[in-house]
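J.: Contents of model.cif (mmCIF, C-alpha atoms):
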data_run
loop_
_atom_site.label_atom_id
_atom_site.label_comp_id
_atom_site.auth_asym_id
_atom_site.auth_seq_id
_atom_site.Cartn_x
_atom_site.Cartn_y
_atom_site.Cartn_z
CA MET R 1 33.85 25.44 42.85
CA SER R 2 30.90 27.40 44.23
CA PRO R 3 29.83 30.62 42.48
CA PRO R 4 30.77 33.91 44.18
CA ARG R 5 28.15 35.79 46.14
CA PRO R 6 27.04 39.18 44.83
CA VAL R 7 29.09 41.93 46.37
CA ASP R 8 27.42 44.76 48.27
CA ARG R 9 28.96 48.08 49.23
CA THR R 10 27.10 50.70 51.21
CA ALA R 11 28.27 54.25 51.87
CA CYS R 12 26.69 56.94 54.00
CA ASP R 13 27.60 60.05 55.93
CA ARG R 14 29.34 58.28 58.81
CA PRO R 15 32.15 60.57 60.06
CA ASP R 16 34.19 57.58 61.22
CA ARG R 17 34.26 56.03 57.75
CA PRO R 18 37.38 57.10 55.78
CA ASP R 19 36.83 57.94 52.17
CA PRO R 20 38.35 55.12 50.12
CA SER R 21 41.20 55.97 47.82
CA PRO R 22 40.90 54.71 44.26
CA HIS R 23 44.42 53.30 44.64
CA ALA R 24 43.91 51.73 48.05
CA SER R 25 44.86 48.09 48.46
CA THR R 26 42.67 47.64 51.51
CA GLY R 27 39.26 48.86 52.58
CA THR R 28 35.87 48.43 50.97
CA VAL R 29 36.61 49.28 47.35
CA ALA R 30 39.69 47.19 46.65
CA PRO R 31 38.25 43.84 47.83
CA LEU R 32 35.18 44.44 45.67
CA ARG R 33 37.30 45.15 42.63
CA ARG R 34 39.47 42.10 43.32
CA ARG R 35 36.36 39.91 43.51
CA LEU R 36 34.91 41.39 40.34
CA LEU R 37 38.22 40.96 38.52
CA HIS R 38 38.34 37.40 39.85
CA ALA R 39 34.90 36.77 38.37
CA VAL R 40 36.05 38.14 35.02
CA SER R 41 39.29 36.11 35.04
CA LEU R 42 37.72 32.74 35.85
CA PRO R 43 36.84 31.98 32.20
CA ALA R 44 40.45 32.68 31.22
CA ILE R 45 41.63 30.16 33.82
CA ALA R 46 39.11 27.59 32.64
CA LEU R 47 40.04 28.25 29.02
CA ALA R 48 43.76 27.83 29.75
CA ALA R 49 43.11 24.54 31.52
CA GLY R 50 40.96 23.28 28.67
CA ALA R 51 43.51 24.34 26.09
CA ALA R 52 46.28 22.55 27.99
CA SER R 53 44.16 19.39 28.04
CA HIS R 54 43.48 19.76 24.32
CA ARG R 55 47.20 20.12 23.54
CA ALA R 56 48.16 17.18 25.72
CA SER R 57 45.54 14.99 24.07
CA ALA R 58 46.69 16.00 20.62
CA ALA R 59 50.36 15.37 21.45
CA SER R 60 49.70 11.80 22.66
CA GLY R 61 47.22 10.96 19.94
CA ALA R 62 44.68 10.05 22.61
CA SER R 63 41.09 9.57 21.64
CA GLY R 64 39.72 8.31 24.97
CA PRO R 65 39.81 9.32 28.59
CA THR R 66 42.76 7.03 29.46
CA GLY R 67 45.06 8.63 26.93
CA SER R 68 45.94 5.30 25.28
CA SER R 69 45.91 5.27 21.51
CA GLY R 70 42.96 3.42 20.09
CA ALA R 71 41.17 3.11 23.42
CA SER R 72 37.43 3.27 23.25
CA GLY R 73 35.17 5.16 25.63
CA PRO R 74 33.20 8.33 25.96
CA THR R 75 34.79 11.50 24.68
CA VAL R 76 35.78 13.97 27.38
CA PRO R 77 34.62 17.45 26.36
CA THR R 78 37.33 20.07 26.38
CA ALA R 79 37.31 23.80 25.82
CA PRO R 80 38.01 24.85 22.24
CA ALA R 81 41.57 25.77 21.43
CA PRO R 82 42.33 29.51 21.81
CA SER R 83 42.74 29.88 18.04
CA THR R 84 39.09 28.90 17.55
CA LEU R 85 37.70 31.39 20.06
CA ARG R 86 36.98 34.92 18.91
CA SER R 87 36.11 37.86 21.11
CA PHE R 88 32.41 38.55 21.19
CA ASP R 89 31.24 41.07 18.59
CA TRP R 90 28.66 43.38 20.13
CA ALA R 91 25.62 44.05 17.99
CA PRO R 92 25.52 47.60 16.60
CA VAL R 93 22.56 49.85 17.33
CA ARG R 94 20.48 50.51 14.23
CA ARG R 95 17.43 52.64 13.43
CA ASP R 96 15.41 49.55 12.48
CA PRO R 97 13.48 47.53 13.39
CA PRO R 98 10.99 49.72 15.26
CA MET R 99 10.70 49.26 18.99
CA THR R 100 8.14 46.67 20.03
CA PHE R 101 6.68 46.09 23.45
CA PRO R 102 6.74 44.15 25.69
CA ALA R 103 9.87 42.66 24.04
CA ASP R 104 11.87 45.90 24.36
CA PHE R 105 11.00 46.16 28.05
CA GLY R 106 13.38 43.23 28.47
CA ALA R 107 17.14 42.82 28.14
CA HIS R 108 19.14 42.99 24.91
CA PRO R 109 22.10 40.70 25.73
CA GLU R 110 23.74 41.03 22.32
CA HIS R 111 24.54 44.69 23.03
CA ARG R 112 27.46 45.82 25.12
CA THR R 113 25.76 48.03 27.70
CA GLU R 114 22.21 48.42 28.98
CA TRP R 115 20.57 50.12 31.91
CA TRP R 116 17.21 50.50 33.61
CA TYR R 117 17.08 53.73 35.56
CA VAL R 118 14.49 55.06 38.00
CA THR R 119 14.73 58.39 39.83
CA GLY R 120 12.13 60.42 41.62
CA TRP R 121 10.87 62.47 44.52
CA LEU R 122 9.25 60.90 47.58
CA GLU R 123 6.83 62.53 49.99
CA ARG R 124 7.22 61.37 53.61
CA PRO R 125 4.76 62.02 56.44
CA GLY R 126 6.19 64.49 58.92
CA ALA R 127 9.43 64.98 56.99
CA ALA R 128 10.77 66.94 54.05
CA ASP R 129 10.49 65.47 50.55
CA ALA R 130 13.38 63.25 49.52
CA GLY R 131 14.87 61.81 46.34
CA PHE R 132 15.65 58.25 45.32
CA GLN R 133 17.62 56.51 42.61
CA LEU R 134 17.82 52.93 41.38
CA THR R 135 19.89 51.89 38.37
CA PHE R 136 20.53 48.38 37.10
CA PHE R 137 23.29 47.87 34.54
CA ARG R 138 23.86 44.88 32.29
CA SER R 139 27.24 44.58 30.58
CA ARG R 140 28.13 42.03 27.91
CA THR R 141 31.86 41.29 28.19
CA ALA R 142 34.12 40.38 25.29
CA HIS R 143 34.41 36.73 26.36
CA PRO R 144 33.82 34.43 23.37
CA ALA R 145 30.33 33.06 23.03
CA ALA R 146 31.84 29.64 22.25
CA ASN R 147 33.39 29.32 25.71
CA PRO R 148 31.47 26.38 27.27
CA SER R 149 32.31 27.18 30.88
CA ARG R 150 29.36 27.99 33.13
CA PHE R 151 31.75 30.28 34.98
CA ALA R 152 32.46 32.38 31.90
CA ALA R 153 31.56 35.94 32.82
CA THR R 154 29.80 36.79 29.58
CA GLN R 155 27.23 39.00 31.30
CA LEU R 156 27.74 41.22 34.34
CA VAL R 157 24.94 42.82 36.33
CA LEU R 158 25.61 45.88 38.48
CA ALA R 159 23.33 48.22 40.41
CA HIS R 160 23.38 51.55 42.24
CA ALA R 161 20.77 52.70 44.75
CA ALA R 162 20.52 55.92 46.72
CA LEU R 163 18.31 58.02 48.96
CA ALA R 164 18.71 61.80 48.96
CA LEU R 165 17.60 62.88 52.43
CA PRO R 166 17.88 66.64 53.03
CA GLU R 167 18.23 66.17 56.79
CA ARG R 168 21.47 64.25 56.17
CA GLY R 169 22.92 66.53 53.49
CA ARG R 170 24.69 63.62 51.74
CA LEU R 171 23.52 60.67 49.72
CA LEU R 172 22.86 57.40 51.42
CA HIS R 173 23.93 54.93 48.74
CA ALA R 174 24.93 51.38 47.98
CA GLU R 175 26.16 49.38 45.02
CA ARG R 176 26.32 45.73 44.00
CA ALA R 177 27.95 43.72 41.23
CA SER R 178 27.94 40.10 40.11
CA ARG R 179 28.30 37.94 37.05
CA ALA R 180 24.99 36.72 35.70
CA GLY R 181 24.00 33.15 36.38
CA PHE R 182 23.67 30.61 39.17
CA GLY R 183 20.40 32.27 40.17
CA LEU R 184 22.33 35.14 41.77
CA ALA R 185 22.00 37.79 39.06
CA GLY R 186 20.43 38.23 35.67
CA ALA R 187 18.53 40.32 33.16
CA GLN R 188 15.60 38.60 31.49
CA THR R 189 14.67 39.01 27.83
CA GLY R 190 11.09 39.56 26.72
CA ASP R 191 10.06 41.82 29.62
CA THR R 192 11.59 43.72 32.51
CA ARG R 193 13.09 41.47 35.16
CA VAL R 194 16.56 42.27 36.43
CA TRP R 195 17.98 41.20 39.77
CA LEU R 196 21.05 40.89 41.97
CA GLY R 197 21.14 38.43 44.86
CA ALA R 198 18.58 35.98 46.13
CA GLY R 199 16.10 35.68 48.94
CA ASP R 200 15.49 38.48 51.42
CA ASP R 201 18.64 40.38 50.36
CA ALA R 202 17.84 40.49 46.65
CA TRP R 203 17.73 43.72 44.65
CA THR R 204 15.02 43.47 42.00
CA LEU R 205 13.18 45.43 39.34
CA ARG R 206 10.29 43.67 37.63
CA ARG R 207 7.35 44.59 35.43
CA ASP R 208 3.94 42.95 35.77
CA PRO R 209 2.62 42.44 32.22
CA ALA R 210 -0.97 42.25 33.45
CA THR R 211 -0.92 45.75 34.97
CA ASP R 212 2.08 47.43 33.29
CA ARG R 213 3.35 48.25 36.78
CA TYR R 214 6.87 47.80 38.07
CA ARG R 215 8.06 46.63 41.47
CA ALA R 216 11.44 47.80 42.77
CA ARG R 217 13.09 46.39 45.87
CA ILE R 218 16.42 47.36 47.42
CA VAL R 219 17.86 46.06 50.71
CA ALA R 220 21.17 47.61 51.78
CA LYS R 221 22.91 47.79 55.13
CA ASP R 222 21.78 51.28 56.10
CA PHE R 223 18.62 51.70 54.07
CA ALA R 224 16.01 49.89 52.00
CA PHE R 225 12.98 50.66 49.88
CA GLU R 226 10.21 48.71 48.21
CA LEU R 227 8.22 50.68 45.67
CA ASP R 228 5.31 50.15 43.29
CA LEU R 229 5.81 52.12 40.07
CA ASP R 230 2.73 52.90 37.97
CA PRO R 231 3.43 54.55 34.59
CA ALA R 232 0.79 57.02 33.50
CA ALA R 233 1.30 56.52 29.77
CA PRO R 234 2.95 54.30 27.14
CA PRO R 235 6.70 54.61 26.60
CA LEU R 236 7.98 57.94 25.30
CA LEU R 237 10.45 57.17 22.49
CA GLN R 238 13.54 59.34 22.56
CA GLY R 239 15.40 60.64 19.53
CA GLU R 240 14.17 59.33 16.20
CA ALA R 241 11.50 56.79 17.20
CA GLY R 242 13.79 55.43 19.90
CA PHE R 243 17.08 55.77 18.00
CA SER R 244 18.98 58.31 20.12
CA ARG R 245 22.12 59.84 18.63
CA LYS R 246 24.99 60.55 21.03
CA GLY R 247 27.52 61.94 18.57
CA PRO R 248 28.28 62.75 14.93
CA GLY R 249 28.89 59.10 14.01
CA GLU R 250 25.90 56.92 13.16
CA ALA R 251 27.21 54.19 15.50
CA GLN R 252 27.35 56.63 18.43
CA ALA R 253 23.78 55.99 19.39
CA SER R 254 21.51 54.04 21.68
CA ARG R 255 17.98 52.67 21.67
CA TYR R 256 16.21 54.73 24.31
CA TYR R 257 12.75 55.20 25.73
CA SER R 258 11.44 56.89 28.87
CA ARG R 259 8.39 56.58 31.07
CA PRO R 260 7.88 59.94 32.81
CA GLN R 261 5.22 60.82 35.38
CA VAL R 262 5.42 57.40 37.06
CA ARG R 263 3.32 57.27 40.22
CA VAL R 264 5.19 55.82 43.19
CA ALA R 265 3.91 54.24 46.41
CA GLY R 266 5.65 52.04 48.93
CA ARG R 267 7.86 52.04 51.98
CA ALA R 268 11.39 53.21 52.75
CA ARG R 269 13.65 52.34 55.67
CA VAL R 270 16.59 54.31 57.03
CA GLY R 271 18.39 52.46 59.79
CA THR R 272 15.56 50.80 61.70
CA ALA R 273 12.95 53.51 61.01
CA GLU R 274 10.44 52.64 58.29
CA THR R 275 7.96 55.04 56.73
CA PRO R 276 5.36 55.03 53.93
CA VAL R 277 6.26 57.08 50.85
CA GLU R 278 4.59 58.25 47.67
CA GLY R 279 5.60 60.48 44.80
CA LEU R 280 6.54 60.73 41.13
CA ALA R 281 9.41 59.11 39.26
CA TRP R 282 11.13 59.05 35.89
CA PHE R 283 11.94 55.69 34.28
CA ASP R 284 14.56 55.22 31.54
CA HIS R 285 15.65 52.14 29.62
CA GLU R 286 18.58 52.40 27.23
CA TRP R 287 20.98 50.04 25.46
CA SER R 288 23.93 50.45 23.15
CA SER R 289 27.26 49.03 22.04
CA GLU R 290 29.04 52.34 21.40
CA ILE R 291 27.93 55.64 22.87
CA LEU R 292 30.64 58.25 23.34
CA ASP R 293 32.96 59.77 20.79
CA GLU R 294 36.62 59.39 21.78
CA ARG R 295 36.82 63.17 22.21
CA ALA R 296 34.01 63.22 24.77
CA VAL R 297 34.68 63.48 28.51
CA GLY R 298 31.18 63.13 29.95
CA TRP R 299 27.61 64.31 29.84
CA ASP R 300 24.97 66.39 31.61
CA TRP R 301 21.45 64.95 31.55
CA THR R 302 18.12 65.81 33.11
CA GLY R 303 14.71 64.17 33.25
CA LEU R 304 11.94 66.41 34.58
CA ASN R 305 8.33 65.63 35.47
CA LEU R 306 6.56 68.93 34.82
CA ASP R 307 3.72 70.00 37.09
CA ASP R 308 1.28 70.32 34.17
CA GLY R 309 1.75 66.63 33.35
CA GLY R 310 4.40 67.26 30.72
CA ALA R 311 7.94 65.93 30.59
CA LEU R 312 11.37 67.15 29.51
CA MET R 313 14.48 65.10 28.77
CA ALA R 314 17.61 67.02 27.77
CA PHE R 315 21.29 66.16 27.57
CA ARG R 316 24.58 67.35 26.24
CA ILE R 317 27.80 65.39 25.56
CA ARG R 318 30.79 67.51 26.54
CA GLY R 319 34.00 67.47 24.49
CA ARG R 320 37.58 67.79 25.70
CA ASP R 321 37.72 71.29 24.24
CA GLY R 322 34.98 72.43 26.63
CA ARG R 323 32.35 72.74 23.93
CA ASP R 324 29.22 70.67 23.43
CA ALA R 325 29.93 67.69 21.19
CA TRP R 326 26.26 66.72 20.90
CA THR R 327 22.92 67.83 22.35
CA ASP R 328 19.36 66.58 22.21
CA ALA R 329 16.06 67.07 24.00
CA THR R 330 12.47 65.83 23.97
CA LEU R 331 9.56 67.86 25.33
CA ARG R 332 6.07 66.52 25.90
CA GLU R 333 3.69 69.43 26.36
CA GLY R 334 1.18 68.51 29.05
CA ALA R 335 -0.05 65.06 30.01
CA ALA R 336 -1.31 64.22 26.52
CA GLY R 337 0.05 67.06 24.43
CA ALA R 338 2.36 67.18 21.44
CA VAL R 339 5.77 65.50 21.69
CA ARG R 340 8.62 67.56 20.26
CA THR R 341 11.83 65.66 19.53
CA GLY R 342 15.19 66.66 18.09
CA LEU R 343 15.34 69.85 20.14
CA LYS R 344 18.73 71.46 20.80
CA PRO R 345 19.11 72.49 24.45
CA ALA R 346 21.74 74.88 25.80
CA PHE R 347 23.15 74.17 29.27
CA GLU R 348 24.62 76.98 31.36
CA PRO R 349 26.12 76.29 34.81
CA LEU R 350 24.88 78.78 37.38
CA ARG R 351 26.63 77.54 40.50
CA HIS R 352 29.28 74.94 41.34
CA TRP R 353 29.82 72.82 44.42
CA GLN R 354 33.30 71.41 45.10
CA SER R 355 33.65 67.96 46.63
CA ALA R 356 35.96 67.76 49.62
CA ARG R 357 36.48 64.07 48.87
CA ASN R 358 38.01 64.36 45.39
CA GLY R 359 38.15 68.05 44.47
CA ALA R 360 35.64 67.74 41.63
CA ARG R 361 33.62 70.88 40.85
CA TRP R 362 30.06 69.93 40.02
CA PRO R 363 27.71 72.43 38.30
CA VAL R 364 24.84 71.58 40.65
CA SER R 365 22.63 74.45 39.49
CA MET R 366 21.92 74.78 35.77
CA ARG R 367 20.05 76.99 33.35
CA ILE R 368 18.60 75.13 30.38
CA ARG R 369 17.27 76.94 27.33
CA VAL R 370 15.14 74.75 25.10
CA ALA R 371 12.12 75.20 22.80
CA GLY R 372 11.94 78.93 23.56
CA ARG R 373 11.82 78.28 27.31
CA GLU R 374 14.35 79.05 30.02
CA LEU R 375 14.45 76.75 33.04
CA GLU R 376 16.56 76.90 36.17
CA LEU R 377 17.46 73.70 38.02
CA ARG R 378 18.18 73.93 41.75
CA PRO R 379 19.40 70.94 43.78
CA LEU R 380 17.63 69.51 46.81
CA PHE R 381 21.07 69.86 48.42
CA ASP R 382 24.57 70.17 47.01
CA ASP R 383 26.34 66.97 48.06
CA GLN R 384 24.60 64.38 45.88
CA GLU R 385 27.88 62.91 44.67
CA LEU R 386 27.83 59.14 44.18
CA ASP R 387 31.11 57.24 44.47
CA ALA R 388 30.61 54.08 42.41
CA ARG R 389 34.26 53.19 41.90
CA GLY R 390 33.60 49.84 43.55
CA SER R 391 31.29 48.67 40.74
CA THR R 392 31.24 50.74 37.54
CA GLY R 393 34.52 52.52 38.34
CA THR R 394 33.03 56.02 38.20
CA THR R 395 32.18 58.90 40.48
CA TYR R 396 29.26 60.99 39.33
CA TRP R 397 26.65 63.45 40.63
CA GLU R 398 23.07 62.20 40.58
CA GLY R 399 20.76 64.64 42.29
CA ALA R 400 17.17 65.58 42.91
CA VAL R 401 16.41 69.03 41.48
CA VAL R 402 13.54 71.50 41.34
CA ALA R 403 12.80 73.18 37.99
CA LEU R 404 11.79 76.84 37.96
CA GLU R 405 10.63 79.11 35.13
CA GLY R 406 10.40 82.83 35.75
CA GLY R 407 11.07 82.17 39.44
CA ARG R 408 8.08 79.82 39.74
CA ARG R 409 8.32 76.07 40.27
CA ILE R 410 7.16 74.17 37.19
CA GLY R 411 8.45 70.66 37.92
CA ARG R 412 10.86 68.32 39.69
CA GLY R 413 13.24 65.64 38.56
CA TYR R 414 16.87 64.59 38.51
CA LEU R 415 20.11 65.98 37.12
CA GLU R 416 23.00 63.67 36.22
CA LEU R 417 26.56 64.96 35.80
CA THR R 418 29.50 62.80 34.68
CA GLY R 419 33.12 63.39 33.74
CA TYR R 420 33.84 66.14 36.28
CA ALA R 421 35.85 63.81 38.55
CA GLY R 422 37.92 62.63 35.58
CA ALA R 423 37.03 61.73 32.01
CA LEU R 424 34.32 59.09 31.88
CA ARG R 425 35.31 55.65 30.66
CA LEU R 426 32.57 53.11 29.94
#
What's the structure tokens form of this structure?

T.:
Amino acid sequence: MSPPRPVDRTACDRPDRPDPSPHASTGTVAPLRRRLLHAVSLPAIALAAGAASHRASAASGASGPTGSSGASGPTVPTAPAPSTLRSFDWAPVRRDPPMTFPADFGAHPEHRTEWWYVTGWLERPGAADAGFQLTFFRSRTAHPAANPSRFAATQLVLAHAALALPERGRLLHAERASRAGFGLAGAQTGDTRVWLGAGDDAWTLRRDPATDRYRARIVAKDFAFELDLDPAAPPLLQGEAGFSRKGPGEAQASRYYSRPQVRVAGRARVGTAETPVEGLAWFDHEWSSEILDERAVGWDWTGLNLDDGGALMAFRIRGRDGRDAWTDATLREGAAGAVRTGLKPAFEPLRHWQSARNGARWPVSMRIRVAGRELELRPLFDDQELDARGSTGTTYWEGAVVALEGGRRIGRGYLELTGYAGALRL
């Protein structure tokens, strides 16, 4: 059996493309989900076959490959019986040990969920500034670690990529998903290297340990970009030295660091037109095994590169009762100034945009009060909704925003909104 190819779904503002229904049995989303479910179910099929072989061998008293009692010969390996296989226990997130680099640049496969996230603004010659997003996800499934099958989907790798082009007024985006292995997808430990696909069509994010620079490459049907990412400073540890609480329970936490003020240079393609780009980005890396309280429905998050060289990260977890279940923020004052953690931001929606595709009302303009400051976030354009039901099963709003204070621009970054098109389920 040959391994499945990574799946690739691209969406853009083509008027002739119907919006896929989450319940559709045909179209672009359903085949992707069927293939992903097929990838997940293969280990179960292999396990059932191995268990059947194990039972048959036990019933006949066979000890050799011919099944005859007392026959000698090499032992045929079989999958362990179901009673001996336990679901994988994800490692909990703890405050210790301290983060260490470059090891923590790499993957943490013992944890349930992990993501590397890059967003930023791009300057284009002869055109308005644009936004971009690239997120790689690694997910450790519950398949038992003792399952010997190479087809066991113990690790999944997924990715979202998008360009926010104001002349289009909608995101140009794509998504991919695959099980790890067979050279087609993976997330390396020890340093940043995560990829989906192979050859000229591969999506990759990789850090060069000699220069501390990253290289990101995305090739989708309707767009592509290849970017060099140069961090201006060491990692900025979020929360308590990288231990970031997401709720009242100690287990509701992640390990989390950011790299703001990342200088960007490279090339972007839309259709057949290619152009050089440069700008600033925000880089996040986060991993966890349990994040949201069961009463939470989603979160609002922002990462802002401030014009004075500073940086602001702020988020709130929203509860089902409409109140904030948890908030946190980190402010770095200037390029090399003091870092203030454990701040408590207040988010106030200023304006909503309603999606014609699903009816969700997204608070695309926000006021954030934090550390005695009052910032207003305004979107590059309203429709920065990203339909990722074909990979992670979610629809969210991920948009380029400008930050103003007292009516004056003081920075740019991204705003992420989840749970407005239905309660978020990770």

J.: Which residues of stretch 281-319 of chain R sit at most 10 Å from stretch 236-239 of chain R, using all atoms listed in the file? Give each one's shortest atom pair and distance in Å (one decimal place), in chain and ascending residue order, as JSON lines.

T.:
{"residue": "R:Asp284", "atom": "CA", "partner": "R:Leu236", "partner_atom": "CA", "distance": 9.5}
{"residue": "R:Glu286", "atom": "CA", "partner": "R:Gln238", "partner_atom": "CA", "distance": 9.8}
{"residue": "R:Ala311", "atom": "CA", "partner": "R:Leu236", "partner_atom": "CA", "distance": 9.6}
{"residue": "R:Met313", "atom": "CA", "partner": "R:Gln238", "partner_atom": "CA", "distance": 8.5}

J.: Which residue gives the smallest distance to R:Gly399 among R:Phe132, R:Phe182, R:Phe137, R:Phe315, with all atoms listed in the file counted?

T.: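 For R:Gly399, the nearest of the candidates is R:Phe132.
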
J.: Expressed in Å to a single decimal, how great is the separation between atom CA of R:Phe347 and atom CA of R:Leu415?

T.: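 Computing it gives 11.7 Å between the two atoms.
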
J.: If we count all atoms listed in the file and set the cut-off at 6 Å, which residues sit around stretch 96-106 of chain R, ignoring sequence neighbours fewer than 3 positions away in its own chain? Please answer as a list in words.

T.: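 Selected residues are Gln188, Thr189, Gly190, Asp191 and Thr192 of chain R.
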
J.: Taking the file as shown, find all residues satisfying the PyMOL selection byres ((chain R and resi 95) around 12) and write them as a PDB file with C-alpha atoms, keeping the file's coordinate frame.

T.:
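Output below, filename out_13.pdb:
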ATOM      1  CA  PRO R  92      25.520  47.600  16.600  1.00  0.00           C
ATOM      2  CA  VAL R  93      22.560  49.850  17.330  1.00  0.00           C
ATOM      3  CA  ARG R  94      20.480  50.510  14.230  1.00  0.00           C
ATOM      4  CA  ASP R  96      15.410  49.550  12.480  1.00  0.00           C
ATOM      5  CA  PRO R  97      13.480  47.530  13.390  1.00  0.00           C
ATOM      6  CA  PRO R  98      10.990  49.720  15.260  1.00  0.00           C
ATOM      7  CA  MET R  99      10.700  49.260  18.990  1.00  0.00           C
ATOM      8  CA  GLN R 238      13.540  59.340  22.560  1.00  0.00           C
ATOM      9  CA  GLY R 239      15.400  60.640  19.530  1.00  0.00           C
ATOM     10  CA  GLU R 240      14.170  59.330  16.200  1.00  0.00           C
ATOM     11  CA  ALA R 241      11.500  56.790  17.200  1.00  0.00           C
ATOM     12  CA  GLY R 242      13.790  55.430  19.900  1.00  0.00           C
ATOM     13  CA  PHE R 243      17.080  55.770  18.000  1.00  0.00           C
ATOM     14  CA  SER R 244      18.980  58.310  20.120  1.00  0.00           C
ATOM     15  CA  ARG R 245      22.120  59.840  18.630  1.00  0.00           C
ATOM     16  CA  GLU R 250      25.900  56.920  13.160  1.00  0.00           C
ATOM     17  CA  ALA R 251      27.210  54.190  15.500  1.00  0.00           C
ATOM     18  CA  GLN R 252      27.350  56.630  18.430  1.00  0.00           C
ATOM     19  CA  ALA R 253      23.780  55.990  19.390  1.00  0.00           C
ATOM     20  CA  SER R 254      21.510  54.040  21.680  1.00  0.00           C
ATOM     21  CA  ARG R 255      17.980  52.670  21.670  1.00  0.00           C
ATOM     22  CA  TYR R 256      16.210  54.730  24.310  1.00  0.00           C
ATOM     23  CA  SER R 288      23.930  50.450  23.150  1.00  0.00           C
TER      24      SER R 288
END

J.: Please, what distance in Å, to one decimal, runs between atom CA of R:Ile410 and atom CA of R:Gly303?

T.: 13.1 Å

J.: Given the choices R:Gly131, R:Gly411, R:Gly334, R:Gly199, which gets closest to R:Ala268 if the distance is worked out from all atoms listed in the file?

T.: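 Smallest separation from R:Ala268 among the options: R:Gly131.
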
J.: Which residue, R:Leu134, R:Gly183, R:Trp116, R:Glu278, has the smallest gap to R:Arg207 when you use all atoms listed in the file?

T.: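 Once distances to R:Arg207 are computed over all atoms listed in the file, the minimum belongs to R:Trp116.
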
J.: Contacts of stretch 224-231 of chain R at 6 Å or less, counting all atoms listed in the file, minus same-chain residues fewer than 2 places along, as a PyMOL selection string?

T.: chain R and resi 213-220+233+262-269

J.: To one decimal place in Å, what is the distance between atom CA of R:Trp121 and atom CA of R:Arg369?

T.: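 Atom CA of R:Arg369 lies 23.4 Å from atom CA of R:Trp121.
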
J.: Decode the PyMOL selection byres ((chain R and resi 377) around 7) for the given file into explicit residues and return them as an NGL selection string.

T.: :R and (365-367 or 375-376 or 378-379 or 401-404)

J.: What residues come out when you apply the PyMOL selection byres ((chain R and resi 260) around 10) to this file, written as number ranges by chain?

T.: R: 118-120, 231-236, 257-259, 261-263, 280-284, 303-306, 309-313, 332, 335, 413

J.: Show which residues sit within 9 Å of R:Gly181, as an mmCIF file with C-alpha atoms, in the frame of the given file. Count all atoms listed in the file, and ignore same-chain residues fewer than 3 positions away.

T.:
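And here's selection04.cif as it stands now:
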data_model
loop_
_atom_site.group_PDB
_atom_site.id
_atom_site.type_symbol
_atom_site.label_atom_id
_atom_site.label_comp_id
_atom_site.auth_asym_id
_atom_site.auth_seq_id
_atom_site.Cartn_x
_atom_site.Cartn_y
_atom_site.Cartn_z
ATOM 1 C CA PRO R 3 29.830 30.620 42.480
ATOM 2 C CA ARG R 150 29.360 27.990 33.130
ATOM 3 C CA PHE R 151 31.750 30.280 34.980
ATOM 4 C CA ALA R 153 31.560 35.940 32.820
ATOM 5 C CA GLN R 155 27.230 39.000 31.300
ATOM 6 C CA SER R 178 27.940 40.100 40.110
ATOM 7 C CA LEU R 184 22.330 35.140 41.770
ATOM 8 C CA ALA R 185 22.000 37.790 39.060
ATOM 9 C CA GLY R 186 20.430 38.230 35.670
#

J.: Could you tell me which of R:Val194, R:Tyr420, R:Asp208, R:His285 comes closest to R:Trp115 if we count all atoms listed in the file?

T.: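 Using all atoms listed in the file, R:Trp115 sits closest to R:His285.
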
J.: Measuring between only C-alpha atoms, which one of R:Arg193, R:His352, R:Lys344, R:His108 shows the shortest distance to R:Leu417?

T.: R:His352

J.: Which is closer to R:Asp308 than all the others in R:Ala329, R:Ala421, R:Ala336, R:Ala161, using all atoms listed in the file?

T.: R:Ala336

J.: Scan for residues within 8 Å of the point (32.0, 72.2, 49.0) in the coordinates of the file, using only C-alpha atoms, and reply as a PyMOL selection string.

T.: chain R and resi 353-356+382-383
